[in-house]
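One file, target-v3.cif, carrying mmCIF, C-alpha atoms:
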data_coords
#
loop_
_atom_site.group_PDB
_atom_site.id
_atom_site.type_symbol
_atom_site.label_atom_id
_atom_site.label_comp_id
_atom_site.auth_asym_id
_atom_site.auth_seq_id
_atom_site.Cartn_x
_atom_site.Cartn_y
_atom_site.Cartn_z
ATOM 1 C CA MET A 226 -22.043 5.899 -23.317
ATOM 2 C CA ALA A 227 -21.419 6.202 -27.064
ATOM 3 C CA GLU A 228 -22.068 9.939 -26.919
ATOM 4 C CA ILE A 229 -19.662 10.351 -23.995
ATOM 5 C CA GLU A 230 -17.029 8.320 -25.836
ATOM 6 C CA GLU A 231 -17.402 10.449 -28.966
ATOM 7 C CA LYS A 232 -17.027 13.686 -27.008
ATOM 8 C CA ILE A 233 -13.963 12.501 -25.074
ATOM 9 C CA THR A 234 -12.325 11.255 -28.261
ATOM 10 C CA GLY A 235 -12.963 14.671 -29.796
ATOM 11 C CA ILE A 236 -11.372 16.453 -26.836
ATOM 12 C CA PHE A 237 -8.216 14.342 -27.043
ATOM 13 C CA LYS A 238 -7.990 14.428 -30.837
ATOM 14 C CA GLU A 239 -8.026 18.212 -30.616
ATOM 15 C CA ALA A 240 -5.321 18.128 -27.914
ATOM 16 C CA VAL A 241 -3.111 16.091 -30.250
ATOM 17 C CA LYS A 242 -3.959 18.298 -33.234
ATOM 18 C CA GLN A 243 -3.030 21.419 -31.241
ATOM 19 C CA LYS A 244 0.234 19.684 -30.186
ATOM 20 C CA ILE A 245 -0.705 19.974 -26.530
ATOM 21 C CA VAL A 246 0.502 16.365 -26.203
ATOM 22 C CA ASN A 247 2.030 13.981 -28.750
ATOM 23 C CA GLY A 248 -0.450 11.229 -28.025
ATOM 24 C CA VAL A 249 -3.210 10.022 -25.733
ATOM 25 C CA SER A 250 -4.086 6.464 -24.699
ATOM 26 C CA TYR A 251 -7.465 6.302 -23.036
ATOM 27 C CA ALA A 252 -10.002 3.671 -22.099
ATOM 28 C CA LEU A 253 -13.626 3.625 -21.043
ATOM 29 C CA VAL A 254 -14.774 0.765 -18.858
ATOM 30 C CA ASP A 255 -18.538 0.217 -18.862
ATOM 31 C CA GLN A 256 -20.030 -2.680 -16.911
ATOM 32 C CA GLY A 257 -16.910 -4.744 -17.604
ATOM 33 C CA ARG A 258 -16.654 -3.841 -21.307
ATOM 34 C CA ILE A 259 -13.467 -1.981 -22.230
ATOM 35 C CA SER A 260 -13.145 0.431 -25.144
ATOM 36 C CA ARG A 261 -9.549 1.475 -25.900
ATOM 37 C CA HIS A 262 -8.347 4.458 -27.922
ATOM 38 C CA TYR A 263 -4.842 5.346 -29.100
ATOM 39 C CA LEU A 264 -4.530 8.829 -30.557
ATOM 40 C CA GLY A 265 -1.578 10.610 -32.144
ATOM 41 C CA GLN A 266 1.689 8.816 -31.374
ATOM 42 C CA ALA A 267 0.101 6.591 -28.731
ATOM 43 C CA GLU A 268 0.317 2.831 -29.287
ATOM 44 C CA PRO A 269 -0.928 -0.271 -27.459
ATOM 45 C CA GLY A 270 1.409 -1.619 -24.788
ATOM 46 C CA GLN A 271 3.265 1.595 -24.011
ATOM 47 C CA PHE A 272 4.553 2.144 -20.471
ATOM 48 C CA TYR A 273 3.561 5.442 -18.858
ATOM 49 C CA ASP A 274 4.992 7.061 -15.737
ATOM 50 C CA LEU A 275 1.955 7.179 -13.438
ATOM 51 C CA ALA A 276 3.414 9.848 -11.111
ATOM 52 C CA SER A 277 0.837 10.386 -8.328
ATOM 53 C CA LEU A 278 -1.521 7.705 -9.606
ATOM 54 C CA THR A 279 1.024 5.565 -7.713
ATOM 55 C CA LYS A 280 -0.761 6.777 -4.577
ATOM 56 C CA VAL A 281 -4.112 5.191 -5.441
ATOM 57 C CA VAL A 282 -3.147 2.334 -7.770
ATOM 58 C CA GLY A 283 -0.301 1.161 -5.558
ATOM 59 C CA THR A 284 0.132 2.438 -2.027
ATOM 60 C CA ALA A 285 -3.484 3.021 -1.015
ATOM 61 C CA SER A 286 -4.512 -0.330 -2.482
ATOM 62 C CA GLY A 287 -1.838 -1.985 -0.355
ATOM 63 C CA ILE A 288 -2.900 -0.114 2.767
ATOM 64 C CA PHE A 289 -6.556 -1.035 2.178
ATOM 65 C CA LYS A 290 -5.623 -4.713 1.856
ATOM 66 C CA GLU A 291 -3.657 -4.684 5.101
ATOM 67 C CA ILE A 292 -6.535 -2.915 6.871
ATOM 68 C CA ASP A 293 -9.004 -5.518 5.549
ATOM 69 C CA GLU A 294 -6.732 -8.226 6.969
ATOM 70 C CA GLY A 295 -6.418 -6.500 10.346
ATOM 71 C CA LYS A 296 -2.709 -5.803 10.039
ATOM 72 C CA ILE A 297 -3.104 -2.017 9.984
ATOM 73 C CA SER A 298 -5.779 0.243 11.479
ATOM 74 C CA LEU A 299 -6.853 3.675 10.264
ATOM 75 C CA ASP A 300 -6.228 4.858 13.833
ATOM 76 C CA ASP A 301 -2.648 3.563 13.997
ATOM 77 C CA GLN A 302 -0.161 6.381 14.492
ATOM 78 C CA VAL A 303 3.083 6.954 12.614
ATOM 79 C CA GLY A 304 4.871 6.615 15.949
ATOM 80 C CA ASP A 305 3.587 3.030 16.215
ATOM 81 C CA PHE A 306 5.855 2.118 13.291
ATOM 82 C CA PHE A 307 8.932 4.349 13.602
ATOM 83 C CA PRO A 308 10.140 7.426 15.509
ATOM 84 C CA ALA A 309 9.121 10.568 13.616
ATOM 85 C CA ALA A 310 8.432 14.246 14.125
ATOM 86 C CA CYS A 311 4.834 13.508 13.069
ATOM 87 C CA SER A 312 4.432 10.547 15.441
ATOM 88 C CA ALA A 313 0.852 11.443 16.477
ATOM 89 C CA VAL A 314 -0.411 11.562 12.874
ATOM 90 C CA THR A 315 -2.678 8.612 12.025
ATOM 91 C CA VAL A 316 -2.928 6.411 8.937
ATOM 92 C CA LYS A 317 -6.312 8.039 8.294
ATOM 93 C CA ASP A 318 -4.754 11.521 8.468
ATOM 94 C CA LEU A 319 -2.148 10.475 5.900
ATOM 95 C CA LEU A 320 -4.732 8.996 3.528
ATOM 96 C CA LEU A 321 -6.977 12.075 3.772
ATOM 97 C CA HIS A 322 -4.047 14.510 3.343
ATOM 98 C CA ILE A 323 -4.890 16.187 6.650
ATOM 99 C CA SER A 324 -1.660 15.271 8.479
ATOM 100 C CA GLY A 325 -0.476 18.881 8.375
ATOM 101 C CA LEU A 326 2.794 17.836 6.719
ATOM 102 C CA PRO A 327 4.147 20.082 3.939
ATOM 103 C CA ALA A 328 3.658 19.138 0.294
ATOM 104 C CA ASP A 329 7.225 17.922 -0.203
ATOM 105 C CA LEU A 330 10.797 18.232 1.021
ATOM 106 C CA ASP A 331 12.723 21.403 0.234
ATOM 107 C CA ASN A 332 15.606 20.952 -2.204
ATOM 108 C CA VAL A 333 15.425 17.168 -2.313
ATOM 109 C CA ARG A 334 18.595 17.010 -4.440
ATOM 110 C CA GLN A 335 20.679 17.881 -1.380
ATOM 111 C CA TYR A 336 20.257 14.313 -0.113
ATOM 112 C CA GLN A 337 22.824 11.763 -1.258
ATOM 113 C CA SER A 338 20.902 8.510 -0.782
ATOM 114 C CA PRO A 339 17.383 7.099 -0.385
ATOM 115 C CA ARG A 340 18.150 6.670 3.324
ATOM 116 C CA GLU A 341 18.936 10.369 3.700
ATOM 117 C CA VAL A 342 15.665 11.295 1.997
ATOM 118 C CA TRP A 343 13.721 9.005 4.340
ATOM 119 C CA GLU A 344 15.479 10.445 7.389
ATOM 120 C CA ALA A 345 14.529 13.933 6.188
ATOM 121 C CA VAL A 346 10.891 12.847 5.868
ATOM 122 C CA LEU A 347 10.919 11.437 9.406
ATOM 123 C CA ALA A 348 12.400 14.711 10.692
ATOM 124 C CA THR A 349 9.783 16.895 8.988
ATOM 125 C CA LYS A 350 7.383 18.563 11.411
ATOM 126 C CA PRO A 351 3.721 19.158 10.537
ATOM 127 C CA LEU A 352 2.794 22.745 9.696
ATOM 128 C CA TYR A 353 -0.668 22.270 11.222
ATOM 129 C CA LEU A 354 -2.373 20.004 13.706
ATOM 130 C CA PRO A 355 -3.948 16.921 12.097
ATOM 131 C CA GLY A 356 -7.341 17.755 10.636
ATOM 132 C CA GLN A 357 -6.832 21.506 10.807
ATOM 133 C CA GLU A 358 -5.942 22.031 7.144
ATOM 134 C CA SER A 359 -5.641 19.969 3.980
ATOM 135 C CA ILE A 360 -2.264 19.921 2.244
ATOM 136 C CA TYR A 361 -1.868 17.509 -0.654
ATOM 137 C CA SER A 362 1.442 16.026 0.435
ATOM 138 C CA ASP A 363 3.765 13.490 -1.155
ATOM 139 C CA LEU A 364 5.232 12.950 2.311
ATOM 140 C CA ASN A 365 1.956 11.377 3.461
ATOM 141 C CA PHE A 366 2.301 8.598 0.901
ATOM 142 C CA ILE A 367 6.041 8.172 1.303
ATOM 143 C CA ILE A 368 5.264 7.380 4.943
ATOM 144 C CA LEU A 369 2.382 5.066 4.010
ATOM 145 C CA GLY A 370 4.707 3.183 1.662
ATOM 146 C CA LYS A 371 7.218 2.722 4.456
ATOM 147 C CA ILE A 372 4.441 1.530 6.791
ATOM 148 C CA LEU A 373 3.572 -1.153 4.235
ATOM 149 C CA GLU A 374 7.201 -2.240 4.128
ATOM 150 C CA GLN A 375 7.390 -2.341 7.921
ATOM 151 C CA VAL A 376 4.224 -4.414 8.292
ATOM 152 C CA SER A 377 4.829 -6.797 5.376
ATOM 153 C CA GLY A 378 8.572 -7.261 5.796
ATOM 154 C CA GLN A 379 8.975 -6.743 2.038
ATOM 155 C CA ASN A 380 10.045 -3.779 -0.019
ATOM 156 C CA LEU A 381 7.158 -1.861 -1.561
ATOM 157 C CA SER A 382 7.802 -3.142 -5.072
ATOM 158 C CA CYS A 383 7.665 -6.814 -4.080
ATOM 159 C CA PHE A 384 4.668 -6.357 -1.803
ATOM 160 C CA LEU A 385 2.529 -4.579 -4.390
ATOM 161 C CA ARG A 386 3.550 -6.944 -7.170
ATOM 162 C CA GLU A 387 2.657 -10.052 -5.155
ATOM 163 C CA GLU A 388 -0.351 -8.803 -3.193
ATOM 164 C CA ILE A 389 -2.048 -6.345 -5.549
ATOM 165 C CA PHE A 390 -0.868 -6.477 -9.167
ATOM 166 C CA ALA A 391 -0.343 -10.216 -9.767
ATOM 167 C CA PRO A 392 -3.789 -11.231 -8.417
ATOM 168 C CA LEU A 393 -5.405 -8.674 -10.755
ATOM 169 C CA GLY A 394 -3.406 -9.833 -13.777
ATOM 170 C CA MET A 395 -1.532 -6.513 -13.896
ATOM 171 C CA ARG A 396 1.699 -7.976 -15.291
ATOM 172 C CA GLU A 397 2.920 -4.707 -16.776
ATOM 173 C CA THR A 398 2.704 -2.515 -13.694
ATOM 174 C CA GLY A 399 5.515 -1.882 -11.246
ATOM 175 C CA PHE A 400 8.479 0.146 -10.072
ATOM 176 C CA LEU A 401 11.783 0.132 -11.953
ATOM 177 C CA LEU A 402 10.250 -1.738 -14.884
ATOM 178 C CA LYS A 403 12.556 -3.361 -17.394
ATOM 179 C CA GLY A 404 11.752 -3.451 -21.087
ATOM 180 C CA GLU A 405 12.595 -2.053 -24.476
ATOM 181 C CA ARG A 406 13.215 1.642 -24.075
ATOM 182 C CA ASP A 407 10.971 2.494 -27.006
ATOM 183 C CA ARG A 408 7.975 1.085 -25.110
ATOM 184 C CA PHE A 409 8.384 3.795 -22.466
ATOM 185 C CA VAL A 410 6.802 7.167 -23.153
ATOM 186 C CA LYS A 411 9.287 10.019 -22.738
ATOM 187 C CA THR A 412 8.729 12.571 -20.000
ATOM 188 C CA GLU A 413 10.662 15.783 -19.364
ATOM 189 C CA ILE A 414 13.974 17.040 -20.743
ATOM 190 C CA THR A 415 15.596 18.428 -17.600
ATOM 191 C CA LYS A 416 18.709 20.440 -16.877
ATOM 192 C CA GLU A 417 19.902 17.973 -14.252
ATOM 193 C CA ARG A 418 19.048 14.624 -15.883
ATOM 194 C CA GLY A 419 18.659 15.351 -19.588
ATOM 195 C CA GLN A 420 15.876 13.413 -21.311
ATOM 196 C CA VAL A 421 13.989 11.443 -18.643
ATOM 197 C CA TRP A 422 12.948 8.252 -20.413
ATOM 198 C CA GLY A 423 12.152 4.944 -18.757
ATOM 199 C CA ASN A 424 13.040 6.247 -15.272
ATOM 200 C CA VAL A 425 10.740 7.949 -12.792
ATOM 201 C CA HIS A 426 10.188 11.643 -13.478
ATOM 202 C CA ASP A 427 9.348 12.734 -9.913
ATOM 203 C CA GLU A 428 12.431 14.264 -8.284
ATOM 204 C CA THR A 429 11.823 12.895 -4.796
ATOM 205 C CA ALA A 430 11.073 9.378 -6.037
ATOM 206 C CA TRP A 431 14.222 9.574 -8.203
ATOM 207 C CA GLN A 432 16.304 10.501 -5.135
ATOM 208 C CA MET A 433 14.736 7.509 -3.369
ATOM 209 C CA GLY A 434 15.986 5.140 -6.055
ATOM 210 C CA GLY A 435 12.747 5.071 -8.041
ATOM 211 C CA LEU A 436 10.834 3.276 -5.284
ATOM 212 C CA ALA A 437 8.462 5.374 -3.183
ATOM 213 C CA GLY A 438 4.870 5.401 -1.980
ATOM 214 C CA HIS A 439 3.900 8.629 -3.714
ATOM 215 C CA ALA A 440 5.315 8.163 -7.253
ATOM 216 C CA GLY A 441 7.354 5.721 -9.318
ATOM 217 C CA LEU A 442 4.910 3.210 -10.772
ATOM 218 C CA PHE A 443 4.801 2.605 -14.515
ATOM 219 C CA SER A 444 1.839 0.924 -16.171
ATOM 220 C CA THR A 445 -0.114 0.369 -19.379
ATOM 221 C CA LEU A 446 -3.653 1.195 -20.458
ATOM 222 C CA ASP A 447 -4.740 -2.450 -20.249
ATOM 223 C CA ASP A 448 -3.453 -2.866 -16.703
ATOM 224 C CA LEU A 449 -5.184 0.281 -15.466
ATOM 225 C CA ALA A 450 -8.411 -0.879 -17.093
ATOM 226 C CA ARG A 451 -8.060 -4.141 -15.122
ATOM 227 C CA PHE A 452 -7.420 -2.177 -11.944
ATOM 228 C CA SER A 453 -10.473 0.014 -12.542
ATOM 229 C CA SER A 454 -12.713 -3.001 -13.217
ATOM 230 C CA PHE A 455 -11.625 -4.541 -9.916
ATOM 231 C CA TYR A 456 -12.381 -1.377 -7.961
ATOM 232 C CA LEU A 457 -15.831 -1.058 -9.491
ATOM 233 C CA THR A 458 -16.829 -4.667 -8.717
ATOM 234 C CA THR A 459 -15.036 -5.499 -5.453
ATOM 235 C CA ASP A 460 -17.052 -6.246 -2.345
ATOM 236 C CA LYS A 461 -14.276 -5.089 -0.031
ATOM 237 C CA PRO A 462 -15.942 -3.084 2.780
ATOM 238 C CA LEU A 463 -13.210 -0.435 2.846
ATOM 239 C CA VAL A 464 -13.835 0.479 -0.784
ATOM 240 C CA ALA A 465 -17.545 0.862 -0.025
ATOM 241 C CA SER A 466 -16.677 3.055 2.954
ATOM 242 C CA LEU A 467 -14.762 5.522 0.764
ATOM 243 C CA PHE A 468 -18.027 7.399 0.299
ATOM 244 C CA ASP A 469 -18.373 7.909 4.058
ATOM 245 C CA TYR A 470 -15.718 10.632 3.817
ATOM 246 C CA ASP A 471 -15.807 14.071 2.221
ATOM 247 C CA CYS A 472 -13.002 15.850 4.030
ATOM 248 C CA PHE A 473 -11.736 18.946 2.233
ATOM 249 C CA GLU A 474 -13.288 17.394 -0.917
ATOM 250 C CA ARG A 475 -11.350 14.144 -0.401
ATOM 251 C CA THR A 476 -11.876 10.616 0.798
ATOM 252 C CA LEU A 477 -9.171 8.097 1.694
ATOM 253 C CA ALA A 478 -6.486 8.623 -1.001
ATOM 254 C CA TRP A 479 -8.974 9.780 -3.660
ATOM 255 C CA ILE A 480 -10.671 13.051 -4.647
ATOM 256 C CA ARG A 481 -14.478 13.200 -4.390
ATOM 257 C CA TRP A 482 -15.408 14.656 -7.785
ATOM 258 C CA GLN A 483 -18.819 15.776 -6.620
ATOM 259 C CA LYS A 484 -20.412 16.044 -3.190
ATOM 260 C CA GLY A 485 -22.890 13.278 -2.466
ATOM 261 C CA ARG A 486 -22.062 11.266 -5.597
ATOM 262 C CA ARG A 487 -20.150 7.995 -5.819
ATOM 263 C CA PHE A 488 -17.461 9.456 -8.080
ATOM 264 C CA LEU A 489 -13.699 9.175 -7.479
ATOM 265 C CA TRP A 490 -10.906 10.971 -9.319
ATOM 266 C CA HIS A 491 -7.118 11.236 -9.214
ATOM 267 C CA THR A 492 -4.401 12.606 -11.474
ATOM 268 C CA GLY A 493 -0.638 12.496 -11.877
ATOM 269 C CA PHE A 494 1.842 15.290 -12.593
ATOM 270 C CA THR A 495 3.109 13.620 -15.776
ATOM 271 C CA GLY A 496 -0.366 13.734 -17.341
ATOM 272 C CA PRO A 497 -2.512 10.700 -16.381
ATOM 273 C CA GLY A 498 -5.998 10.735 -14.893
ATOM 274 C CA LEU A 499 -8.275 8.050 -13.455
ATOM 275 C CA GLY A 500 -12.001 8.435 -12.834
ATOM 276 C CA LEU A 501 -14.349 5.890 -11.245
ATOM 277 C CA ASP A 502 -18.144 6.189 -11.421
ATOM 278 C CA PHE A 503 -19.555 3.627 -8.994
ATOM 279 C CA GLU A 504 -23.136 4.655 -9.723
ATOM 280 C CA ASN A 505 -22.981 3.418 -13.311
ATOM 281 C CA GLY A 506 -20.103 0.903 -13.096
ATOM 282 C CA ARG A 507 -17.873 2.983 -15.356
ATOM 283 C CA ALA A 508 -14.254 4.109 -15.398
ATOM 284 C CA LEU A 509 -12.167 6.549 -17.425
ATOM 285 C CA VAL A 510 -8.436 5.854 -17.774
ATOM 286 C CA ILE A 511 -6.314 8.611 -19.307
ATOM 287 C CA LEU A 512 -2.621 8.218 -20.138
ATOM 288 C CA ALA A 513 -0.483 10.938 -21.724
ATOM 289 C CA SER A 514 2.909 12.553 -21.191
ATOM 290 C CA SER A 515 2.115 16.219 -20.697
ATOM 291 C CA VAL A 516 5.572 17.072 -19.308
ATOM 292 C CA TYR A 517 7.326 16.307 -22.607
ATOM 293 C CA PRO A 518 9.392 18.218 -23.509
ATOM 294 C CA LYS A 519 8.826 20.409 -20.439
ATOM 295 C CA ARG A 520 6.430 20.896 -17.547
ATOM 296 C CA GLY A 521 3.881 23.691 -17.184
ATOM 297 C CA ASN A 522 1.411 22.341 -19.748
ATOM 298 C CA GLU A 523 -1.729 24.185 -18.603
ATOM 299 C CA ALA A 524 -3.583 23.355 -21.827
ATOM 300 C CA TRP A 525 -3.409 19.630 -21.023
ATOM 301 C CA LEU A 526 -4.820 20.207 -17.547
ATOM 302 C CA LEU A 527 -7.826 21.896 -19.160
ATOM 303 C CA ALA A 528 -8.293 19.104 -21.722
ATOM 304 C CA ARG A 529 -8.041 16.390 -19.062
ATOM 305 C CA ARG A 530 -10.484 18.257 -16.835
ATOM 306 C CA GLN A 531 -12.918 18.653 -19.736
ATOM 307 C CA ALA A 532 -12.752 14.913 -20.439
ATOM 308 C CA ALA A 533 -13.451 14.140 -16.781
ATOM 309 C CA LYS A 534 -16.382 16.572 -16.784
ATOM 310 C CA THR A 535 -17.790 14.817 -19.838
ATOM 311 C CA PHE A 536 -17.339 11.412 -18.196
ATOM 312 C CA PHE A 537 -18.909 12.333 -14.852
ATOM 313 C CA GLY A 538 -21.625 14.517 -16.393
ATOM 314 C CA SER A 539 -20.761 17.520 -14.279
ATOM 315 C CA GLY A 540 -17.878 19.851 -13.510
ATOM 316 C CA TYR A 541 -15.676 19.416 -10.451
ATOM 317 C CA ARG A 542 -17.747 20.012 -7.273
ATOM 318 C CA GLU A 543 -20.404 21.540 -9.507
ATOM 319 C CA GLU A 544 -23.853 21.686 -7.928
ATOM 320 C CA LYS A 545 -26.633 20.412 -10.146
#
Let me see the structure of the file written as structure tokens.
Amino acid sequence: MAEIEEKITGIFKEAVKQKIVNGVSYALVDQGRISRHYLGQAEPGQFYDLASLTKVVGTASGIFKEIDEGKISLDDQVGDFFPAACSAVTVKDLLLHISGLPADLDNVRQYQSPREVWEAVLATKPLYLPGQESIYSDLNFIILGKILEQVSGQNLSCFLREEIFAPLGMRETGFLLKGERDRFVKTEITKERGQVWGNVHDETAWQMGGLAGHAGLFSTLDDLARFSSFYLTTDKPLVASLFDYDCFERTLAWIRWQKGRRFLWHTGFTGPGLGLDFENGRALVILASSVYPKRGNEAWLLARRQAAKTFFGSGYREEK
């Protein structure tokens, strides 16, 4: 593990040196031991916009809990919860990104309220039949978030805080976090909103008031290390069953890094990455703001991918 740690540190030090990002916070979890690194301008305790890591850290974790407790089934249909143009799509289809729904709403800024955005999601028709194609869609997880609210009777923020984050000791993870502004890592400088800092970066989540199933969570390195440790050691049957699926290179909510291996991976648009190696009881947590000052940071995508390759010991879907 020391060799892996040295290589990953080298990758991220070079990214900072080349000004690809201003800083990187990363952690390696190994059999419960946590090694933390803060490079460049990164500091302990900083809040990062998790972007699409919200899907796995928040929404999917909530869905899995409700399935374990028998309150939701993978075979439940969207139409069982609310009238929608995708009523025949199942919870499993949403989690696997095979619902056929498009990636996002067109021109989300046209909507004047969170309610209008949600109504537009409900009115969106699938482009394909469920299971026919894989489209990585934010709409899938917006719907899953609303299903959690419907079943629990709470808003998504309260539900996840009480049922997922608090039991794991994740006291610095949530939507619409309050705190000193300087503890939040800046994201993009945009034409419409100026410097986005301390508020969700994702446009659709912003139009939904910062509270959505696909994006909006903020967290710290320590909290994500706690989350990763839980995933690697839990005896929940649904987590074990994640490796029963390899559908368009995905399982429920997560990406299968390599066929036939017990490796999970997910990333977020703002820069973070999270890798879980169940074979060796290890995790890689990566936090950085790659959209500051602007999006389109291809060099960071390469650096993050190289770090994940080093961690997993193989390239994405690479055959040994």
- Task: Rounded to one decimal place, report the atom CA of Tyr251 of chain A-atom CA of Arg418 of chain A distance in Å.
- Result: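 The value is 28.7 Å.
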- Task: Mind listing whatever residues come within 12 Å of the point (-5.3, -3.4, -14.3)? Use all atoms listed in the file, file coordinates, and give them as a count of residues only.
- Result: 35
- Query: Which residues fall under the PyMOL selection byres ((chain A and resi 465-478) around 8) in this file, as a list of chain:residue names?
  - Reply: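 Those residues are A:Lys280, A:Val281, A:Ala285, A:Lys317, A:Leu320, A:Leu321, A:His322, A:Ser359, A:Asp460, A:Lys461, A:Pro462, A:Leu463, A:Val464, A:Trp479, A:Ile480, A:Arg481, A:Trp482, A:Lys484, A:Arg487.
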- Message: Once the PyMOL selection byres ((chain A and resi 406) around 10) is applied to the coordinates I shared, what remains selected? I want it as a PyMOL selection string.
- Response: chain A and resi 271-272+403-405+407-411+422-424
- Task: For the file shown, report as a ChimeraX atom specification the outcome of the PyMOL selection byres ((chain A and resi 358) around 9) at residue level.
- Result: /A:322-325,353-357,359-360,473
- Query: What is the atom CA of Val246 of chain A-atom CA of Ile367 of chain A distance in Å, reported with one decimal?
  - Reply: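 Spanning atom CA of Val246 of chain A to atom CA of Ile367 of chain A is a straight-line distance of 29.2 Å.
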- Task: Work out how far atom CA of Ala440 of chain A is from atom CA of Val346 of chain A, in Å to one decimal.
- Result: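 Between atom CA of Val346 of chain A and atom CA of Ala440 of chain A the gap works out to 15.0 Å.
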- Query: Which residue gives the smallest distance to Lys534 of chain A among A:Lys238, A:Lys232, A:His262, A:Lys244, with only C-alpha atoms counted?
  - Reply: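 When distances to Lys534 of chain A are compared using only C-alpha atoms, the smallest one comes from A:Lys232.
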Using all atoms listed in the file, find each residue in segment 404-504 of chain A having at least one atom no more than 10 Å away from segment 369-379 of chain A; report its shortest atom-to-atom pair and that distance in Å (one decimal), rows by chain then rising number, as CSV.
residue,atom,partner,partner_atom,distance
A:Leu436,CA,A:Gly370,CA,9.3
A:Ala437,CA,A:Gly370,CA,6.5
A:Gly438,CA,A:Gly370,CA,4.3
A:His439,CA,A:Gly370,CA,7.7
